[in-house]
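Shown next, in structure tokens, is the structure this report addresses.
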Amino acid sequence: MRAALLQMTSGVDPAANARVLVDAVERAADAGAAMLFTPEMSGLLDRDRARAAGSITAEQGDRVLAAMRGAAAKAGVWVQLGSLAVRREDGRLANRAFVIDGAGEVRARYDKLHLFDVDLPTGETWRESAAYAPGDAAMVVDTPLGLLGLTICYDLRFPDLFRALSDAGATVFSVPAAFTRPTGAAHWQVLLRARAIEAGAIVLAAAQTGLHEDGRATHGHSLAIDPWGEVLLDMGEAAGLAIVDLDPARLGDVRARIPALQHRRAIPAVERR
């Protein structure tokens, strides 16, 4: 199985971002990839919410999504479009992931469940919940790479979500992200490896990288990790496209050696004394 990961430095112009994304679909197809994975907020990364508001539409009018559906259909490649900012019917925003098949059809949608509200020691403050509404459902979807569990960025810190996805049969996790540099350097790789090891699953994590037009800086280091926790691909800090070959037999081998999924039990009530 061959997958492609796109590492981006998305900016404030959706049209420019769309050109990068469409080019990545074409290059992934040329490399023989069955599926392309892109970062969180692939279509627009702008912390100036007043400026960003003019570029955010309902899903049906999103030009980046339309461009990616067209590119996927033309190339015959599946795409996990990491996420886009879309406007819901109630006027609030959703941080929404999409899985697009090789005919350009949307096979699945997932709205980010865990929103990033934090004050960092660097002085950075993030209040995702000020504009975005959390999702209300987890999602798995059949893909050419196997049953894929969808997550987005901050979801990585909540192992219960990954357990629910693996209990539902997921053998691959997608973790598109825009991790900050301080938290990325400290936690990104170790958390991704932990999620892979816990579930005996493949983890594909396409990330934002570098200094963005809105002034933020992201960690990069898009990763592909096998079920044993081995890092198959680390893209470093440069934007670009990378290809990784995945061995489906590895999944069964690792799960046979460490049958933790078979040994899971419902946790009884915790006693406190």
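Residue numbers start at 1 in each chain; chains themselves are named A, B, ... in the order of the structure tokens; ligands are numbered from 1 in the order shown.
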Please list as a ChimeraX atom specification every residue within 7 Å of segment 146-155 of chain A, counting only C-alpha atoms and excluding residues in the same chain fewer than 2 positions away.
/A:40,110,112-116,139-144,157-158,165,169-179
Export N, CA and C atoms of the chosen residues as a PDB file, in the first residue's frame?
```pdb
ATOM      1  N   GLU A  40      -4.302  19.678   8.769  1.00  0.00           N
ATOM      2  CA  GLU A  40      -5.408  20.451   9.321  1.00  0.00           C
ATOM      3  C   GLU A  40      -5.428  21.836   8.667  1.00  0.00           C
ATOM      4  N   TYR A 110     -15.867  14.462   9.248  1.00  0.00           N
ATOM      5  CA  TYR A 110     -15.658  14.392  10.696  1.00  0.00           C
ATOM      6  C   TYR A 110     -15.362  15.797  11.206  1.00  0.00           C
ATOM      7  N   LYS A 112     -14.016  18.090  14.235  1.00  0.00           N
ATOM      8  CA  LYS A 112     -13.078  17.956  15.352  1.00  0.00           C
ATOM      9  C   LYS A 112     -13.824  17.976  16.687  1.00  0.00           C
ATOM     10  N   LEU A 113     -13.575  16.963  17.498  1.00  0.00           N
ATOM     11  CA  LEU A 113     -14.280  16.834  18.773  1.00  0.00           C
ATOM     12  C   LEU A 113     -13.677  17.694  19.878  1.00  0.00           C
ATOM     13  N   HIS A 114     -12.347  17.742  19.946  1.00  0.00           N
ATOM     14  CA  HIS A 114     -11.665  18.420  21.049  1.00  0.00           C
ATOM     15  C   HIS A 114     -11.076  19.734  20.543  1.00  0.00           C
ATOM     16  N   LEU A 115     -11.519  20.838  21.131  1.00  0.00           N
ATOM     17  CA  LEU A 115     -11.098  22.162  20.682  1.00  0.00           C
ATOM     18  C   LEU A 115      -9.964  22.695  21.553  1.00  0.00           C
ATOM     19  N   PHE A 116      -9.021  23.386  20.919  1.00  0.00           N
ATOM     20  CA  PHE A 116      -7.771  23.796  21.549  1.00  0.00           C
ATOM     21  C   PHE A 116      -7.940  25.176  22.173  1.00  0.00           C
ATOM     22  N   MET A 139     -15.715   8.892  13.736  1.00  0.00           N
ATOM     23  CA  MET A 139     -15.938   8.427  12.375  1.00  0.00           C
ATOM     24  C   MET A 139     -14.850   7.458  11.926  1.00  0.00           C
ATOM     25  N   VAL A 140     -15.267   6.333  11.354  1.00  0.00           N
ATOM     26  CA  VAL A 140     -14.375   5.447  10.620  1.00  0.00           C
ATOM     27  C   VAL A 140     -14.942   5.280   9.211  1.00  0.00           C
ATOM     28  N   VAL A 141     -14.052   5.030   8.239  1.00  0.00           N
ATOM     29  CA  VAL A 141     -14.485   4.931   6.851  1.00  0.00           C
ATOM     30  C   VAL A 141     -13.585   3.943   6.123  1.00  0.00           C
ATOM     31  N   ASP A 142     -14.180   3.110   5.272  1.00  0.00           N
ATOM     32  CA  ASP A 142     -13.410   2.183   4.452  1.00  0.00           C
ATOM     33  C   ASP A 142     -12.656   2.945   3.377  1.00  0.00           C
ATOM     34  N   THR A 143     -11.373   2.652   3.228  1.00  0.00           N
ATOM     35  CA  THR A 143     -10.514   3.289   2.230  1.00  0.00           C
ATOM     36  C   THR A 143      -9.610   2.228   1.605  1.00  0.00           C
ATOM     37  N   PRO A 144      -8.874   2.580   0.557  1.00  0.00           N
ATOM     38  CA  PRO A 144      -7.927   1.614  -0.025  1.00  0.00           C
ATOM     39  C   PRO A 144      -6.829   1.175   0.935  1.00  0.00           C
ATOM     40  N   ARG A 157      -4.419  14.078  21.883  1.00  0.00           N
ATOM     41  CA  ARG A 157      -4.159  13.994  23.324  1.00  0.00           C
ATOM     42  C   ARG A 157      -5.240  13.225  24.088  1.00  0.00           C
ATOM     43  N   PHE A 158      -6.197  12.644  23.379  1.00  0.00           N
ATOM     44  CA  PHE A 158      -7.327  11.989  24.036  1.00  0.00           C
ATOM     45  C   PHE A 158      -7.396  10.522  23.593  1.00  0.00           C
ATOM     46  N   LEU A 165     -12.192   4.346  18.184  1.00  0.00           N
ATOM     47  CA  LEU A 165     -11.993   4.102  16.754  1.00  0.00           C
ATOM     48  C   LEU A 165     -11.446   2.708  16.498  1.00  0.00           C
ATOM     49  N   GLY A 169     -12.965  -0.971  14.691  1.00  0.00           N
ATOM     50  CA  GLY A 169     -12.284  -1.702  13.630  1.00  0.00           C
ATOM     51  C   GLY A 169     -11.213  -0.941  12.892  1.00  0.00           C
ATOM     52  N   ALA A 170     -10.920   0.291  13.279  1.00  0.00           N
ATOM     53  CA  ALA A 170      -9.915   1.071  12.560  1.00  0.00           C
ATOM     54  C   ALA A 170      -8.546   0.415  12.642  1.00  0.00           C
ATOM     55  N   THR A 171      -7.876   0.326  11.506  1.00  0.00           N
ATOM     56  CA  THR A 171      -6.505  -0.183  11.447  1.00  0.00           C
ATOM     57  C   THR A 171      -5.523   0.912  11.050  1.00  0.00           C
ATOM     58  N   VAL A 172      -6.055   2.056  10.656  1.00  0.00           N
ATOM     59  CA  VAL A 172      -5.256   3.223  10.279  1.00  0.00           C
ATOM     60  C   VAL A 172      -5.883   4.445  10.940  1.00  0.00           C
ATOM     61  N   PHE A 173      -5.046   5.331  11.472  1.00  0.00           N
ATOM     62  CA  PHE A 173      -5.515   6.603  12.019  1.00  0.00           C
ATOM     63  C   PHE A 173      -4.936   7.744  11.190  1.00  0.00           C
ATOM     64  N   SER A 174      -5.760   8.735  10.905  1.00  0.00           N
ATOM     65  CA  SER A 174      -5.301   9.969  10.292  1.00  0.00           C
ATOM     66  C   SER A 174      -5.297  11.066  11.347  1.00  0.00           C
ATOM     67  N   VAL A 175      -4.166  11.786  11.456  1.00  0.00           N
ATOM     68  CA  VAL A 175      -4.040  12.850  12.457  1.00  0.00           C
ATOM     69  C   VAL A 175      -3.489  14.117  11.783  1.00  0.00           C
ATOM     70  N   PRO A 176      -4.283  14.773  10.936  1.00  0.00           N
ATOM     71  CA  PRO A 176      -3.835  16.037  10.351  1.00  0.00           C
ATOM     72  C   PRO A 176      -3.702  17.080  11.447  1.00  0.00           C
ATOM     73  N   ALA A 177      -2.695  17.969  11.315  1.00  0.00           N
ATOM     74  CA  ALA A 177      -2.427  18.856  12.442  1.00  0.00           C
ATOM     75  C   ALA A 177      -1.812  20.170  12.004  1.00  0.00           C
ATOM     76  N   ALA A 178      -1.889  21.127  12.940  1.00  0.00           N
ATOM     77  CA  ALA A 178      -1.158  22.393  12.863  1.00  0.00           C
ATOM     78  C   ALA A 178      -0.576  22.639  14.254  1.00  0.00           C
ATOM     79  N   PHE A 179       0.298  21.756  14.697  1.00  0.00           N
ATOM     80  CA  PHE A 179       0.867  21.819  16.043  1.00  0.00           C
ATOM     81  C   PHE A 179       1.776  23.041  16.180  1.00  0.00           C
TER      82      PHE A 179
END
```
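Look at Asp253 of chain A: the protein and nucleic acid residues within 12 Å of it, using only C-alpha atoms and passing over chain neighbours fewer than 6 places away, are Gly200, Ala201, Asp226, Pro227, Trp228, Asp247 and Pro259 of chain A.
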If you run DSSP on the backbone here, which positions in segment 38-258 of chain A get alpha helix (DSSP H)? Please write them as a ChimeraX atom specification.
/A:49-53,63-75,159-167,181-183,189-199,248-257
Among A:Asp62, A:Asp214, A:Asp245, A:Asp30, Ile202 of chain A is approached most closely, using only C-alpha atoms, by A:Asp245
Computed interatomic separation between atom CA of Arg92 of chain A and atom CA of Ala53 of chain A (Å):
10.8 Å
Distance of atom CA of Thr180 of chain A from atom CA of Arg127 of chain A, expressed in Å to one decimal place
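These atoms are spaced 13.7 Å apart.
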